[in-house]
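Heads up: the structure comes next, in structure tokens.
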Amino acid sequence: MEKPIIKIIDLRVTFADREIFNSVNIDFLPKTINVVMGKSGIGKTTLLRSINRLNECFAGHKTTGTILVNLDANDSYINIYDKATSVNDLRKKIGMVFQQPNVLPCSIIKNLSIPLNNISHIAKKNIQEKIQRTLLEVDLWDEVKDRLHHNANILSGGEQQRLCLARALILEPQILLLDEPTSSIDLPTTEKIENLFKKLSKRITLLVVSHDELQAERIATGKIFSLCLSKVA
């Protein structure tokens, strides 16, 4: 039997003593598309942020329970909340794309080169090639190749979201967390992004928050999980 890449055990998150959820227990297999569903305000985004420790950026946060990840495809798991776990290294391997595009206030090319500058093993001469390859993967190269030095804010909402996807993918994560990534874009772009998810799942594990049951049925190859603590499928 294939080993889960993520094991969530008795997870409980509170903010300023307000409980967001408790007793979350679920595993996710590698190289699958998994969809997290549930009512508004139940904590779907908080659950995603728990997996790469982004909740720690907010005051009053407290997490109990365990999240184990197997990022090396071997028999060893790391506890992401262990004191020995490097948060910076964790977030390179577990990327996140938010509901609203959060492009950096700089050029399109800098949105992608800035993350790469934090990776020592990539030679500067290879950065341009990697940027082009990643933009091709998210089907954005043809739209921006003549505007790489323009401010990213000139892009449409759908283009900005694909740029954010590219920025996450350029670090070569093993897990990608996606918080309603198609909720603010048009149908043709949604179809492009859903098709991209299917291609990415050949090498990456995806966790996608969605309110759309039809979307969940279209894209899920792993679990469809409701945060009301019952498995939908």
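As shown in the structure tokens, the chain order sets the letters A, B, ...; within each chain, residues go from 1, and ligands are also counted from 1 in the order they appear.
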Secondary structure check, alpha helix (DSSP H) residues of range 21-210 of chain A, as a ChimeraX atom specification: /A:44-51,87-93,108-116,124-137,141-144,157-169,187-200
Residues near Asn111 in chain A, cut-off 10 Å, only C-alpha atoms, skip fewer than 2 positions along chain, as a list in words: Val103, Leu104, Pro105, Cys106, Ser107, Ile108, Ile109, Ser113, Ile114, Pro115, Leu116, Ile131, Leu148, Asn151, Ala152, Leu163, Cys164, Ala166 and Arg167 of chain A
Shell around range 64-68 of chain A at 9 Å using only C-alpha atoms, local window under 2 positions removed, as a PyMOL selection string: chain A and resi 5-14+22-24+50-51+62+70+77-81
Selection export as a PDB file, in the first residue's frame, atoms kept: C-alpha atoms:
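Now in out-v4.pdb:
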```pdb
ATOM      1  CA  ILE A   5       2.525  12.047   1.858  1.00  0.00           C
ATOM      2  CA  ILE A   6       0.533  13.959   4.519  1.00  0.00           C
ATOM      3  CA  LYS A   7      -0.851  12.577   7.776  1.00  0.00           C
ATOM      4  CA  ILE A   8      -2.981  14.938   9.878  1.00  0.00           C
ATOM      5  CA  ILE A   9      -3.654  13.642  13.387  1.00  0.00           C
ATOM      6  CA  ASP A  10      -6.007  15.245  15.943  1.00  0.00           C
ATOM      7  CA  LEU A  11      -5.385  18.727  14.568  1.00  0.00           C
ATOM      8  CA  ARG A  12      -6.897  21.638  16.496  1.00  0.00           C
ATOM      9  CA  VAL A  13      -6.425  25.322  15.679  1.00  0.00           C
ATOM     10  CA  THR A  14      -7.503  28.337  17.719  1.00  0.00           C
ATOM     11  CA  ASN A  22     -10.678  20.359  16.203  1.00  0.00           C
ATOM     12  CA  SER A  23     -10.050  16.623  15.845  1.00  0.00           C
ATOM     13  CA  VAL A  24      -9.167  16.756  12.155  1.00  0.00           C
ATOM     14  CA  SER A  50      -1.672  24.594   8.934  1.00  0.00           C
ATOM     15  CA  ILE A  51       0.204  22.393   6.483  1.00  0.00           C
ATOM     16  CA  LYS A  62      -2.310  28.106  18.563  1.00  0.00           C
ATOM     17  CA  ASN A  70       6.967  12.493   3.821  1.00  0.00           C
ATOM     18  CA  TYR A  77       8.166  11.431   8.122  1.00  0.00           C
ATOM     19  CA  ILE A  78       8.928  14.823   9.589  1.00  0.00           C
ATOM     20  CA  ASN A  79       6.634  16.541  12.063  1.00  0.00           C
ATOM     21  CA  ILE A  80       6.196  20.008  10.606  1.00  0.00           C
ATOM     22  CA  TYR A  81       5.646  21.489  14.091  1.00  0.00           C
TER      23      TYR A  81
END
```
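Residue nearest Glu56 in chain A within the list A:Val87, A:Ser226, A:Leu207, A:Val97: A:Val87 [criterion: smallest interatomic distance, only C-alpha atoms].
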Test item: residues at most 12 Å from Arg133 in chain A, only C-alpha atoms, excluding those fewer than 3 positions along its chain, as a ChimeraX atom specification: /A:112,126-130,136-142,145,166-167,169-170
Residues within 12 Å of Asn195 in chain A, only C-alpha atoms, excluding chain neighbours under 5 positions, as a PyMOL selection string: chain A and resi 33+137-139+188-190+200-202+215+218-220
Gap from CA of Gly222 in chain A to CA of Ile193 in chain A - Å, one decimal: 17.6 Å
Interatomic distance, CA of Lys223 in chain A to CA of Ser210 in chain A (Å, one decimal):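 These two atoms are separated by 12.8 Å.
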Atom pair CA of Gln161 in chain A / CA of Thr46 in chain A: separation (Å):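 Distance reported for this atom pair: 20.2 Å.
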Given only C-alpha atoms as the counted atoms, nearest of A:Glu2, A:Leu165, A:Gly38, A:Gly158 to Glu191 in chain A: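 Looking at the shortest contact to Glu191 in chain A, the residue is A:Gly158.
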Strand (DSSP E) per DSSP on the backbone: members of range 100-191 of chain A, as a ChimeraX atom specification: /A:175-179
Write the residues you've just listed into a file as a PDB file, in the first residue's frame, and include N, CA, C and O atoms for each of them.
```
ATOM      1  N   ILE A 175       4.316  19.564  -2.552  1.00  0.00           N
ATOM      2  CA  ILE A 175       2.903  19.719  -2.185  1.00  0.00           C
ATOM      3  C   ILE A 175       2.498  21.144  -2.539  1.00  0.00           C
ATOM      4  O   ILE A 175       3.246  22.093  -2.272  1.00  0.00           O
ATOM      5  N   LEU A 176       1.309  21.300  -3.142  1.00  0.00           N
ATOM      6  CA  LEU A 176       0.815  22.625  -3.493  1.00  0.00           C
ATOM      7  C   LEU A 176      -0.564  22.807  -2.878  1.00  0.00           C
ATOM      8  O   LEU A 176      -1.469  22.005  -3.106  1.00  0.00           O
ATOM      9  N   LEU A 177      -0.706  23.865  -2.078  1.00  0.00           N
ATOM     10  CA  LEU A 177      -1.951  24.203  -1.410  1.00  0.00           C
ATOM     11  C   LEU A 177      -2.623  25.326  -2.197  1.00  0.00           C
ATOM     12  O   LEU A 177      -1.997  26.353  -2.466  1.00  0.00           O
ATOM     13  N   LEU A 178      -3.896  25.148  -2.546  1.00  0.00           N
ATOM     14  CA  LEU A 178      -4.584  26.097  -3.427  1.00  0.00           C
ATOM     15  C   LEU A 178      -5.916  26.490  -2.797  1.00  0.00           C
ATOM     16  O   LEU A 178      -6.824  25.667  -2.659  1.00  0.00           O
ATOM     17  N   ASP A 179      -6.025  27.750  -2.409  1.00  0.00           N
ATOM     18  CA  ASP A 179      -7.202  28.237  -1.693  1.00  0.00           C
ATOM     19  C   ASP A 179      -8.182  28.889  -2.670  1.00  0.00           C
ATOM     20  O   ASP A 179      -8.022  30.058  -3.031  1.00  0.00           O
TER      21      ASP A 179
END
```
Val209 in chain A environment, 8 Å, only C-alpha atoms, sequence neighbours closer than 5 positions dropped, as an NGL selection string: :A and (35-37 or 44-45 or 178-181)
